[in-house]
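Visitor: protein_39.csv is the file, holding CSV, C-alpha atoms:
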chain,number,residue,atom,x,y,z
Q,1,MET,CA,19.3,9.1,-11.1
Q,2,LYS,CA,17.3,12.1,-10.3
Q,3,PRO,CA,14.9,12.0,-7.3
Q,4,LEU,CA,11.9,12.7,-9.5
Q,5,VAL,CA,12.7,9.7,-11.6
Q,6,ILE,CA,13.2,7.5,-8.6
Q,7,PHE,CA,9.9,8.6,-7.1
Q,8,GLY,CA,8.1,8.0,-10.4
Q,9,LEU,CA,9.6,4.4,-10.6
Q,10,LEU,CA,8.4,3.7,-7.0
Q,11,LEU,CA,4.9,4.9,-8.0
Q,12,ILE,CA,4.9,2.6,-11.0
Q,13,VAL,CA,6.0,-0.4,-8.9
Q,14,ALA,CA,3.3,0.4,-6.3
Q,15,GLY,CA,0.7,0.7,-9.0
Q,16,LEU,CA,1.6,-2.6,-10.6
Q,17,ALA,CA,1.6,-4.3,-7.1
Q,18,GLY,CA,-1.9,-2.8,-6.5
Q,19,LEU,CA,-3.2,-4.2,-9.8
Q,20,VAL,CA,-1.6,-7.7,-9.2
Q,21,LEU,CA,-2.5,-8.1,-5.5
Q,22,GLY,CA,-5.8,-6.2,-5.3
Q,23,HIS,CA,-5.7,-6.2,-1.5
Q,24,PHE,CA,-3.5,-6.6,1.5
Q,25,SER,CA,-4.2,-8.0,5.0
Q,26,TYR,CA,-2.8,-7.4,8.4
Q,27,THR,CA,-3.5,-8.9,11.8
Q,28,THR,CA,-4.0,-7.1,15.1
Q,29,LYS,CA,-4.4,-8.4,18.7
Q,30,GLU,CA,-7.5,-7.3,20.5
Q,31,LYS,CA,-8.1,-7.6,24.2
Q,32,VAL,CA,-11.4,-9.5,24.6
Q,33,ILE,CA,-11.6,-10.0,28.4
Q,34,ASP,CA,-9.7,-8.2,31.1
Q,35,LEU,CA,-10.6,-9.4,34.6
Q,36,GLY,CA,-7.7,-8.5,36.9
Q,37,SER,CA,-5.0,-11.0,36.3
Q,38,ILE,CA,-7.0,-12.9,33.7
Q,39,THR,CA,-6.8,-11.6,30.2
Q,40,ALA,CA,-8.0,-13.1,26.9
Q,41,THR,CA,-6.9,-11.8,23.5
Q,42,ALA,CA,-8.1,-12.5,20.0
Q,43,ASP,CA,-6.4,-12.1,16.6
Q,44,ARG,CA,-8.4,-10.0,14.2
Q,45,GLU,CA,-7.5,-9.9,10.5
Q,46,HIS,CA,-8.2,-6.7,8.6
Q,47,THR,CA,-8.3,-6.5,4.8
Q,48,ILE,CA,-7.8,-3.4,2.8
Q,49,GLN,CA,-9.0,-3.4,-0.9
Q,50,ILE,CA,-6.9,-1.4,-3.4
Q,51,PRO,CA,-9.2,0.1,-6.1
Q,52,ASP,CA,-8.0,-0.5,-9.7
Q,53,VAL,CA,-8.5,3.1,-10.5
Q,54,ALA,CA,-6.0,4.1,-7.8
Q,55,ALA,CA,-3.5,1.6,-9.1
Q,56,VAL,CA,-3.8,2.9,-12.7
Q,57,ALA,CA,-3.6,6.5,-11.4
Q,58,ALA,CA,-0.4,5.6,-9.6
Q,59,ILE,CA,1.1,4.1,-12.7
Q,60,ALA,CA,0.1,7.1,-14.8
Q,61,ALA,CA,1.5,9.6,-12.3
Q,62,GLY,CA,4.7,7.6,-12.0
Q,63,ALA,CA,5.1,7.5,-15.8
Q,64,PHE,CA,4.5,11.3,-15.9
Q,65,LEU,CA,7.2,11.9,-13.2
Q,66,VAL,CA,9.7,9.7,-15.0
Q,67,PHE,CA,9.0,11.6,-18.3
Q,68,VAL,CA,9.4,15.0,-16.6
Q,69,GLY,CA,12.4,13.9,-14.6
Q,70,ARG,CA,14.3,12.7,-17.7
Q,71,ARG,CA,13.6,15.9,-19.7
Q,72,ARG,CA,15.2,18.2,-17.1
In structure tokens, how does this file's structure come out?
Guide:
Amino acid sequence: MKPLVIFGLLLIVAGLAGLVLGHFSYTTKEKVIDLGSITATADREHTIQIPDVAAVAAIAAGAFLVFVGRRR
């Protein structure tokens, strides 16, 4: 397969995942207290929303790349 087609397929899969999931979350550890040898940490969850417009744009761009990649 040509690299352009592969990249297009990856964009299509990423766009579909963005439409289905809508968001993704990850957790980080934050240092709350640091008093010499005593430390306290807290887990903080971050959520990133994926706009539907971005997901549809990724699918359209992927389809275009697959179309162009197959024609060459």
Visitor: Please list as a list in words every residue within 7 Å of segment 49-54 of chain Q, counting all atoms listed in the file and excluding residues in the same chain fewer than 3 positions away.
Guide: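 Counting all atoms listed in the file, the residues come to Gly18, Leu19, Gly22, His23, Phe24, Ala57 and Ala58 of chain Q.
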Visitor: Please compute the atom CA of Phe64 of chain Q-atom CA of Gly8 of chain Q distance, one decimal, in Å.
Guide: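 Atom CA of Phe64 of chain Q sits 7.4 Å away from atom CA of Gly8 of chain Q.
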Visitor: Around (14.6, 13.8, -18.1) in the file's own coordinates, what residues are found within 10 Å if you use all atoms listed in the file, given back as a list in words?
Guide: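 The residues near that point, listed by chain and number, are Met1, Lys2, Leu4, Val5, Leu65, Val66, Phe67, Val68, Gly69, Arg70, Arg71 and Arg72 of chain Q.
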Visitor: Any idea what the distance is between atom CA of Leu21 of chain Q and atom CA of Ile48 of chain Q?
Guide: 10.9 Å
Visitor: What is the distance, in Å and to one decimal place, between atom CA of Leu10 of chain Q and atom CA of Glu45 of chain Q?
Guide: 27.3 Å
Visitor: Taking (-1.7, -9.5, 9.1) in the file's coordinates, which residues come within 9 Å, counting only C-alpha atoms, written as a PyMOL selection string?
Guide: chain Q and resi 24-28+44-47
Visitor: Take the structure in the block and write a file for segment 6-33 of chain Q, N, CA and C atoms, as a short mmCIF file (atom, residue, chain, number, x, y, z; two decimals), in the first residue's frame.
Guide:
data_model
loop_
_atom_site.label_atom_id
_atom_site.label_comp_id
_atom_site.auth_asym_id
_atom_site.auth_seq_id
_atom_site.Cartn_x
_atom_site.Cartn_y
_atom_site.Cartn_z
N ILE Q 6 -2.28 4.79 3.41
CA ILE Q 6 -2.19 4.36 4.81
C ILE Q 6 -2.51 5.53 5.74
N PHE Q 7 -1.93 6.70 5.47
CA PHE Q 7 -2.20 7.87 6.29
C PHE Q 7 -3.67 8.26 6.21
N GLY Q 8 -4.27 8.13 5.03
CA GLY Q 8 -5.70 8.42 4.87
C GLY Q 8 -6.56 7.48 5.69
N LEU Q 9 -6.20 6.20 5.69
CA LEU Q 9 -6.96 5.23 6.48
C LEU Q 9 -6.81 5.51 7.98
N LEU Q 10 -5.63 5.91 8.41
CA LEU Q 10 -5.43 6.26 9.82
C LEU Q 10 -6.28 7.47 10.21
N LEU Q 11 -6.37 8.46 9.31
CA LEU Q 11 -7.22 9.62 9.59
C LEU Q 11 -8.69 9.22 9.68
N ILE Q 12 -9.12 8.33 8.82
CA ILE Q 12 -10.52 7.87 8.86
C ILE Q 12 -10.81 7.15 10.17
N VAL Q 13 -9.90 6.28 10.59
CA VAL Q 13 -10.09 5.54 11.86
C VAL Q 13 -10.09 6.52 13.04
N ALA Q 14 -9.19 7.50 13.04
CA ALA Q 14 -9.14 8.48 14.12
C ALA Q 14 -10.42 9.32 14.15
N GLY Q 15 -10.93 9.69 12.99
CA GLY Q 15 -12.17 10.46 12.92
C GLY Q 15 -13.36 9.67 13.42
N LEU Q 16 -13.43 8.40 13.05
CA LEU Q 16 -14.52 7.55 13.55
C LEU Q 16 -14.44 7.37 15.06
N ALA Q 17 -13.22 7.20 15.57
CA ALA Q 17 -13.04 7.07 17.02
C ALA Q 17 -13.45 8.36 17.72
N GLY Q 18 -13.14 9.50 17.12
CA GLY Q 18 -13.54 10.77 17.71
C GLY Q 18 -15.05 10.94 17.75
N LEU Q 19 -15.74 10.46 16.71
CA LEU Q 19 -17.20 10.54 16.71
C LEU Q 19 -17.83 9.60 17.73
N VAL Q 20 -17.27 8.40 17.84
CA VAL Q 20 -17.85 7.41 18.74
C VAL Q 20 -17.58 7.75 20.20
N LEU Q 21 -16.32 8.09 20.51
CA LEU Q 21 -15.95 8.33 21.90
C LEU Q 21 -16.35 9.73 22.38
N GLY Q 22 -16.06 10.75 21.59
CA GLY Q 22 -16.43 12.10 21.97
C GLY Q 22 -15.46 12.80 22.89
N HIS Q 23 -14.72 12.06 23.68
CA HIS Q 23 -13.72 12.64 24.58
C HIS Q 23 -12.75 11.55 25.03
N PHE Q 24 -11.62 11.97 25.59
CA PHE Q 24 -10.74 11.01 26.25
C PHE Q 24 -10.19 11.65 27.52
N SER Q 25 -9.86 10.81 28.47
CA SER Q 25 -9.40 11.28 29.78
C SER Q 25 -8.04 10.69 30.10
N TYR Q 26 -7.29 11.43 30.89
CA TYR Q 26 -6.02 10.92 31.40
C TYR Q 26 -5.82 11.47 32.81
N THR Q 27 -4.99 10.79 33.59
CA THR Q 27 -4.78 11.14 34.98
C THR Q 27 -3.33 11.54 35.20
N THR Q 28 -3.13 12.61 35.98
CA THR Q 28 -1.79 13.04 36.36
C THR Q 28 -1.69 13.10 37.88
N LYS Q 29 -0.47 12.95 38.38
CA LYS Q 29 -0.23 13.08 39.81
C LYS Q 29 0.30 14.48 40.09
N GLU Q 30 -0.31 15.15 41.06
CA GLU Q 30 0.12 16.49 41.45
C GLU Q 30 0.62 16.47 42.88
N LYS Q 31 1.71 17.18 43.11
CA LYS Q 31 2.23 17.29 44.46
C LYS Q 31 1.44 18.38 45.17
N VAL Q 32 0.75 18.01 46.26
CA VAL Q 32 -0.09 18.94 46.99
C VAL Q 32 0.70 19.60 48.11
N ILE Q 33 1.40 18.79 48.90
CA ILE Q 33 2.18 19.29 50.03
C ILE Q 33 3.60 18.73 49.93
#
